[in-house]
>>> print(open('protein37.txt').read())   # compact mmCIF, C-alpha atoms and all ligand atoms
# COMPACT_ATOMS: atom_id res chain seq x y z
CA MET A 1 6.82 16.40 17.43
CA GLN A 2 7.63 13.68 20.00
CA LYS A 3 6.42 10.09 20.11
CA LEU A 4 4.22 9.36 23.12
CA GLU A 5 2.75 5.92 23.88
CA MET A 6 2.60 3.22 21.22
CA ILE A 7 -1.03 2.77 20.29
CA TYR A 8 -0.74 0.02 17.69
CA GLU A 9 1.85 -2.43 16.42
CA GLY A 10 1.26 -4.04 13.04
CA LYS A 11 3.33 -6.47 11.02
CA ALA A 12 5.46 -3.77 9.38
CA LYS A 13 4.89 -0.58 11.40
CA ARG A 14 4.40 0.81 14.86
CA VAL A 15 2.05 3.73 15.46
CA TYR A 16 2.53 6.26 18.27
CA ALA A 17 0.36 8.98 19.76
CA THR A 18 1.66 12.56 19.83
CA GLU A 19 0.67 15.55 21.95
CA ASP A 20 -1.72 16.52 19.15
CA PRO A 21 -4.73 14.14 19.20
CA LYS A 22 -5.18 14.65 15.46
CA LEU A 23 -1.64 13.46 14.61
CA LEU A 24 0.21 10.16 14.89
CA ILE A 25 3.77 9.04 14.22
CA VAL A 26 4.31 5.92 12.11
CA ASP A 27 7.62 4.07 12.54
CA TYR A 28 8.52 1.57 9.79
CA LYS A 29 10.18 -1.75 10.70
CA ASP A 30 12.31 -4.11 8.59
CA ASP A 31 10.05 -7.04 9.58
CA ALA A 32 8.34 -8.84 6.74
CA THR A 33 5.51 -11.35 6.91
CA ALA A 34 3.48 -13.19 4.31
CA PHE A 35 0.50 -15.54 4.21
CA ASN A 36 -1.20 -13.89 7.17
CA GLY A 37 1.92 -13.95 9.31
CA GLU A 38 2.84 -17.61 8.69
CA LYS A 39 6.08 -16.70 6.96
CA ARG A 40 8.33 -14.25 8.79
CA GLY A 41 11.61 -12.60 8.01
CA THR A 42 13.60 -9.42 7.83
CA ILE A 43 14.30 -7.32 4.78
CA VAL A 44 17.27 -5.18 5.81
CA GLY A 45 16.64 -1.51 5.03
CA LYS A 46 12.99 -2.04 4.02
CA GLY A 47 11.62 0.29 6.69
CA VAL A 48 13.67 3.21 5.40
CA ILE A 49 12.77 2.55 1.76
CA ASN A 50 9.06 1.99 2.40
CA ASN A 51 8.80 5.11 4.55
CA GLN A 52 10.54 7.36 2.03
CA MET A 53 8.88 5.81 -1.02
CA SER A 54 5.39 5.92 0.44
CA ASN A 55 5.79 9.57 1.40
CA ARG A 56 7.09 10.52 -2.02
CA LEU A 57 4.19 8.73 -3.74
CA MET A 58 1.60 10.21 -1.38
CA ARG A 59 2.90 13.72 -2.05
CA ARG A 60 2.50 13.03 -5.77
CA LEU A 61 -1.04 11.71 -5.24
CA GLU A 62 -2.01 14.79 -3.19
CA GLN A 63 -0.94 16.93 -6.15
CA ALA A 64 -3.16 14.77 -8.35
CA GLY A 65 -6.22 15.34 -6.15
CA VAL A 66 -6.17 12.29 -3.88
CA PRO A 67 -6.21 13.35 -0.21
CA THR A 68 -3.84 11.34 2.01
CA HIS A 69 -2.87 11.03 5.67
CA PHE A 70 0.69 12.25 4.96
CA VAL A 71 1.88 15.31 6.91
CA GLU A 72 5.68 15.31 7.22
CA GLU A 73 8.63 12.93 7.07
CA LEU A 74 10.37 13.14 10.46
CA SER A 75 13.31 10.79 9.95
CA GLU A 76 14.46 7.87 7.82
CA ARG A 77 11.83 5.58 9.34
CA GLU A 78 9.31 7.96 10.93
CA THR A 79 6.48 9.98 9.47
CA LEU A 80 3.89 12.28 10.96
CA VAL A 81 0.41 11.40 9.67
CA ARG A 82 -3.13 12.52 10.30
CA ARG A 83 -5.01 10.25 12.70
CA VAL A 84 -7.68 8.24 10.92
CA GLU A 85 -10.07 5.47 11.72
CA ILE A 86 -9.08 2.81 9.20
CA VAL A 87 -11.88 1.53 6.95
CA PRO A 88 -11.31 -2.23 7.42
CA LEU A 89 -10.90 -2.99 3.72
CA GLU A 90 -7.94 -3.88 1.54
CA VAL A 91 -8.65 -2.15 -1.75
CA ILE A 92 -6.88 -3.98 -4.55
CA VAL A 93 -6.50 -2.63 -8.08
CA ARG A 94 -5.05 -4.83 -10.83
CA ASN A 95 -3.80 -4.04 -14.32
CA ARG A 96 -2.56 -7.56 -15.05
CA SER A 97 -3.26 -10.99 -13.62
CA ALA A 98 -1.00 -12.15 -10.79
CA GLY A 99 -1.06 -13.61 -7.30
CA SER A 100 -4.45 -14.56 -5.86
CA PHE A 101 -6.27 -13.48 -9.05
CA SER A 102 -4.24 -15.90 -11.17
CA LYS A 103 -4.76 -18.67 -8.65
CA ARG A 104 -8.50 -18.10 -8.19
CA TYR A 105 -9.32 -17.96 -11.90
CA GLY A 106 -6.60 -20.24 -13.29
CA VAL A 107 -5.06 -17.47 -15.40
CA GLU A 108 -1.33 -17.24 -16.13
CA GLU A 109 0.45 -14.32 -14.44
CA GLY A 110 0.97 -11.23 -16.57
CA ARG A 111 -2.17 -11.23 -18.73
CA VAL A 112 -2.96 -7.60 -19.48
CA PHE A 113 -6.55 -6.66 -18.66
CA ASP A 114 -8.69 -4.60 -21.06
CA ALA A 115 -9.50 -2.34 -18.11
CA PRO A 116 -8.18 -2.27 -14.54
CA THR A 117 -10.11 -4.28 -11.93
CA ILE A 118 -10.94 -3.46 -8.32
CA GLU A 119 -11.76 -5.78 -5.44
CA PHE A 120 -12.05 -5.56 -1.67
CA SER A 121 -10.89 -7.83 1.12
CA TYR A 122 -12.27 -7.56 4.63
CA LYS A 123 -9.28 -6.66 6.87
CA ASN A 124 -9.61 -9.31 9.53
CA ASP A 125 -6.59 -11.45 10.40
CA ALA A 126 -8.67 -14.06 12.27
CA LEU A 127 -10.66 -14.70 9.07
CA GLY A 128 -7.60 -14.42 6.78
CA ASP A 129 -8.74 -11.18 5.05
CA PRO A 130 -11.53 -12.76 2.95
CA LEU A 131 -12.65 -11.29 -0.35
CA ILE A 132 -15.83 -9.22 0.16
CA ASN A 133 -18.26 -7.64 -2.29
CA SER A 134 -19.62 -4.11 -2.04
CA SER A 135 -23.11 -5.12 -0.91
CA HIS A 136 -21.56 -7.11 1.94
CA VAL A 137 -19.37 -4.12 2.85
CA ILE A 138 -22.53 -2.02 3.17
CA ALA A 139 -24.53 -4.77 4.92
CA LEU A 140 -21.82 -5.05 7.59
CA GLY A 141 -21.57 -1.27 7.90
CA LEU A 142 -17.84 -1.31 7.06
CA ALA A 143 -18.36 1.70 4.79
CA ALA A 144 -21.34 3.74 3.65
CA PRO A 145 -22.32 3.55 -0.04
CA GLU A 146 -21.02 7.09 -0.71
CA GLU A 147 -17.73 6.28 1.04
CA LEU A 148 -17.29 3.13 -1.03
CA GLU A 149 -17.95 5.07 -4.24
CA LEU A 150 -15.33 7.66 -3.28
CA ILE A 151 -12.84 4.95 -2.32
CA ARG A 152 -13.38 3.30 -5.72
CA ARG A 153 -12.86 6.62 -7.51
CA TYR A 154 -9.69 7.45 -5.55
CA ALA A 155 -8.30 3.93 -6.08
CA PHE A 156 -8.62 4.19 -9.89
CA ARG A 157 -7.10 7.69 -9.80
CA VAL A 158 -4.16 6.31 -7.79
CA ASN A 159 -3.78 3.65 -10.47
CA GLU A 160 -3.66 6.24 -13.27
CA VAL A 161 -1.10 8.39 -11.48
CA LEU A 162 1.15 5.59 -10.26
CA SER A 163 0.98 3.50 -13.46
CA ALA A 164 2.27 6.53 -15.40
CA LEU A 165 4.90 7.38 -12.80
CA TRP A 166 6.29 3.83 -12.65
CA ALA A 167 6.11 3.46 -16.45
CA SER A 168 8.39 6.51 -16.76
CA ARG A 169 10.89 4.60 -14.56
CA GLY A 170 10.73 1.43 -16.70
CA ILE A 171 8.50 -0.37 -14.19
CA THR A 172 5.08 -1.96 -14.78
CA LEU A 173 2.56 -1.49 -11.98
CA VAL A 174 0.88 -4.92 -12.04
CA ASP A 175 -1.37 -4.49 -8.99
CA PHE A 176 -1.47 -2.88 -5.56
CA LYS A 177 -3.34 -2.70 -2.28
CA LEU A 178 -4.57 0.51 -0.66
CA GLU A 179 -6.16 1.31 2.68
CA PHE A 180 -8.33 4.32 3.40
CA GLY A 181 -9.30 6.01 6.65
CA ARG A 182 -11.72 8.58 8.01
CA LEU A 183 -10.57 11.81 9.64
CA ALA A 184 -12.50 12.96 12.74
CA ASP A 185 -14.94 14.85 10.48
CA GLY A 186 -15.54 11.76 8.33
CA THR A 187 -13.41 12.85 5.34
CA ILE A 188 -12.01 9.82 3.50
CA VAL A 189 -8.24 9.93 2.92
CA LEU A 190 -5.67 7.46 1.61
CA ALA A 191 -3.75 5.94 4.55
CA ASP A 192 -1.31 3.11 5.33
CA GLU A 193 1.58 2.86 2.83
CA ILE A 194 2.40 2.42 -0.84
CA SER A 195 5.61 0.45 -1.25
CA PRO A 196 7.07 -2.74 -2.73
CA ASP A 197 5.32 -4.51 0.20
CA THR A 198 1.93 -3.44 -1.14
CA CYS A 199 2.46 -3.27 -4.93
CA ARG A 200 3.60 -5.68 -7.62
CA LEU A 201 6.30 -3.91 -9.61
CA TRP A 202 7.87 -5.65 -12.62
CA ASP A 203 10.80 -4.41 -14.66
CA SER A 204 9.13 -3.40 -17.94
CA ALA A 205 11.98 -4.69 -20.10
CA THR A 206 12.73 -8.03 -18.45
CA GLY A 207 9.63 -8.79 -16.35
CA LYS A 208 11.85 -9.19 -13.28
CA LYS A 209 9.87 -8.94 -10.04
CA LEU A 210 10.99 -5.95 -7.98
CA ASP A 211 8.64 -6.30 -5.01
CA LYS A 212 7.69 -8.42 -2.00
CA ASP A 213 6.93 -11.46 -4.17
CA ARG A 214 10.72 -12.03 -4.03
CA PHE A 215 10.26 -12.60 -0.28
CA ARG A 216 6.90 -14.41 -0.49
CA ARG A 217 8.24 -16.84 -3.12
CA ASP A 218 11.86 -17.16 -1.90
CA LEU A 219 13.26 -15.72 -5.12
CA GLY A 220 16.30 -14.13 -3.44
CA GLY A 221 17.66 -10.63 -4.05
CA VAL A 222 14.90 -9.04 -1.95
CA GLU A 223 16.96 -6.14 -0.55
CA ASP A 224 18.45 -5.41 -3.98
CA ALA A 225 14.99 -5.26 -5.56
CA TYR A 226 13.71 -2.76 -2.98
CA ALA A 227 16.84 -0.64 -3.43
CA GLU A 228 16.46 -0.77 -7.21
CA VAL A 229 12.87 0.53 -7.22
CA MET A 230 13.81 3.31 -4.80
CA ARG A 231 16.77 4.28 -6.98
CA ARG A 232 14.55 4.42 -10.08
CA LEU A 233 11.92 6.45 -8.27
CA CYS A 234 14.50 9.02 -7.17
CA GLU A 235 16.65 9.19 -10.28
CA HIS A 236 14.68 11.75 -12.32
CA ASP A 237 13.30 13.56 -9.34
CA GLU A 238 13.37 17.08 -8.03
P1 LIG A 301 -2.88 -10.83 -4.12
O1 LIG A 301 -2.69 -11.14 -5.59
O2 LIG A 301 -2.11 -11.75 -3.24
O3 LIG A 301 -4.32 -10.73 -3.76
O4 LIG A 301 -2.24 -9.38 -3.86
C1 LIG A 301 -2.70 -8.24 -4.57
C2 LIG A 301 -1.84 -7.04 -4.20
O5 LIG A 301 -2.03 -6.69 -2.85
C3 LIG A 301 -0.34 -7.25 -4.37
O6 LIG A 301 0.20 -6.07 -4.93
C4 LIG A 301 0.18 -7.45 -2.98
C5 LIG A 301 -0.79 -6.68 -2.14
N1 LIG A 301 -1.04 -7.29 -0.83
C6 LIG A 301 -0.82 -6.55 0.32
O7 LIG A 301 -0.39 -5.41 0.26
N2 LIG A 301 -1.09 -7.13 1.53
C7 LIG A 301 -1.58 -8.39 1.64
O8 LIG A 301 -1.81 -8.86 2.75
C8 LIG A 301 -1.81 -9.15 0.43
C9 LIG A 301 -2.35 -10.55 0.51
C10 LIG A 301 -1.53 -8.54 -0.77
>>> encode(input="protein37.txt", output="C-alpha cells", more="lines below")
Ligand code: TMP
Amino acid sequence: MQKLEMIYEGKAKRVYATEDPKLLIVDYKDDATAFNGEKRGTIVGKGVINNQMSNRLMRRLEQAGVPTHFVEELSERETLVRRVEIVPLEVIVRNRSAGSFSKRYGVEEGRVFDAPTIEFSYKNDALGDPLINSSHVIALGLAAPEELELIRRYAFRVNEVLSALWASRGITLVDFKLEFGRLADGTIVLADEISPDTCRLWDSATGKKLDKDRFRRDLGGVEDAYAEVMRRLCEHDE
C-alpha cells in the first residue's frame, strides 16, 4: 500500500490517503509538544517506539473485544489504519491522581482511587481542549448518547486490559487518554495512539515516571524512559 497525498498533519503524526478510500497510512514523527503546542521539542526515536507500542497494544485490545482502527504495521514509523471520522473528544481514564486532576482538585499526585474515573475534553486547540460533561457532548452533537455509552464502556475495558498488562511488566498505569472514531457505517472504534505520549506510566517499584511527563516537566532522560517501557513491553512477548 502506497502513501498518496497527506490529508492531515498533527503534532506527532502525519496522515496520508491511500488508493483504498477506507484506509489511511499514519506516519509517526519524533516531534513532541506540550501545553497546547507552547512547548516544543524532539524525542529521538519516539516515532518508532510509539508506532510499534501502539500497534502491539491495539492488537491486544482487539483480542480483548475492543475494536480498533489498526490494520497492519508497514514500517518502523508507518501503520495502515482504517479511515475514521474522529469523535472530537479526549477520553481520559485515571486510576490515580496526577496532572490536571491533581491541580484542579488540590490532591497530591499518586493517590489511588477507589474506582477508576473517566472524563472528557472537547478536542479543540483554539479553546485549549476544555473539560466537557456528557450532557454538553450530546447538546453539541459531538456524539450520540449510545455512542458515548459505548465509548465509556470501551474506555474502562481498555483500562482493565492495559492496567493488567503494564502491571505484569512492573509498571503502574496511572492514567491515559484515548480517542475514538466512526467508520463509514458508524461503527465506533478506538483510534489515534496509545503510547508514553498519551499515558502516565510509573515504575511500580520506584515510582519513576516513564512517560511524556519527563518532557513536559523537564525531568531529563526522556529517550531512555521511552526505550525502557518499550523494552519491558517486549521482554515477555511472543
Ligand atoms: P492531564 O492530567 O494533563 O489531564 O492528562 C491526563 C492523561 O492524558 C495523561 O496520561 C496524559 C494524556 N494527555 C494526552 O494524551 N494529550 C494531551 O493533550 C493531554 C493534556 C494529556
>>> residues_around(input="protein37.txt", residues="Val84 (chain A)", least_positions_apart="6", cutoff="10 Å", atoms="all atoms listed in the file", output="mmCIF file with C-alpha atoms, in the frame of the given file")
data_model
loop_
_atom_site.group_PDB
_atom_site.id
_atom_site.type_symbol
_atom_site.label_atom_id
_atom_site.label_comp_id
_atom_site.auth_asym_id
_atom_site.auth_seq_id
_atom_site.Cartn_x
_atom_site.Cartn_y
_atom_site.Cartn_z
ATOM 1 C CA LYS A 22 -5.180 14.650 15.460
ATOM 2 C CA LEU A 23 -1.640 13.460 14.610
ATOM 3 C CA LEU A 24 0.210 10.160 14.890
ATOM 4 C CA HIS A 69 -2.870 11.030 5.670
ATOM 5 C CA PHE A 180 -8.330 4.320 3.400
ATOM 6 C CA GLY A 181 -9.300 6.010 6.650
ATOM 7 C CA ARG A 182 -11.720 8.580 8.010
ATOM 8 C CA LEU A 183 -10.570 11.810 9.640
ATOM 9 C CA ALA A 184 -12.500 12.960 12.740
ATOM 10 C CA ASP A 185 -14.940 14.850 10.480
ATOM 11 C CA GLY A 186 -15.540 11.760 8.330
ATOM 12 C CA THR A 187 -13.410 12.850 5.340
ATOM 13 C CA ILE A 188 -12.010 9.820 3.500
ATOM 14 C CA VAL A 189 -8.240 9.930 2.920
ATOM 15 C CA LEU A 190 -5.670 7.460 1.610
ATOM 16 C CA ALA A 191 -3.750 5.940 4.550
ATOM 17 C CA ASP A 192 -1.310 3.110 5.330
#
>>> closest_atom_pairs(input="protein37.txt", of="chain A", to="ligand LIG 301 (chain A)", cutoff="6 Å", atoms="only C-alpha atoms and all ligand atoms", output="CSV")
residue,atom,partner,partner_atom,distance
A:Ile92,CA,A:LIG301,O5,5.8
A:Ala98,CA,A:LIG301,O1,5.6
A:Gly99,CA,A:LIG301,O1,3.4
A:Ser100,CA,A:LIG301,O1,3.9
A:Phe101,CA,A:LIG301,O1,5.5
A:Asp175,CA,A:LIG301,O6,4.6
A:Phe176,CA,A:LIG301,O6,3.7
A:Lys177,CA,A:LIG301,O5,4.2
A:Asp197,CA,A:LIG301,O7,5.8
A:Thr198,CA,A:LIG301,O7,3.4
A:Cys199,CA,A:LIG301,O6,3.6
A:Arg200,CA,A:LIG301,O6,4.4
>>> closest_atom_pairs(input="protein37.txt", of="region 26-52 of chain A", to="region 114-125 of chain A", cutoff="12 Å", atoms="all atoms listed in the file", output="CSV")
residue,atom,partner,partner_atom,distance
A:Ala34,CA,A:Asp125,CA,11.9
A:Phe35,CA,A:Asp125,CA,10.3
A:Asn36,CA,A:Asp125,CA,6.7
A:Gly37,CA,A:Asp125,CA,8.9
A:Glu38,CA,A:Asp125,CA,11.4
>>> closest_residue(input="protein37.txt", among="A:Ala64, A:Met1, A:Ala32, A:Ala144", to="Tyr16 (chain A)", atoms="all atoms listed in the file")
A:Met1
>>> atom_distance(input="protein37.txt", atom1="CA of Leu150 (chain A)", atom2="CA of Asp27 (chain A)")
28.1 Å
>>> atom_distance(input="protein37.txt", atom1="CA of Ser195 (chain A)", atom2="CA of Val158 (chain A)")
13.1 Å
>>> residues_around(input="protein37.txt", residues="Gly45 (chain A)", least_positions_apart="2", cutoff="9 Å", atoms="only C-alpha atoms", output="list in words")
Lys29, Asp30, Thr42, Ile43, Gly47, Val48, Ile49, Asn50, Glu223, Tyr226 and Ala227 of chain A
>>> closest_residue(input="protein37.txt", among="A:Val222, A:Leu80, A:Gly65, A:Leu74", to="Val15 (chain A)", atoms="all atoms listed in the file")
A:Leu80
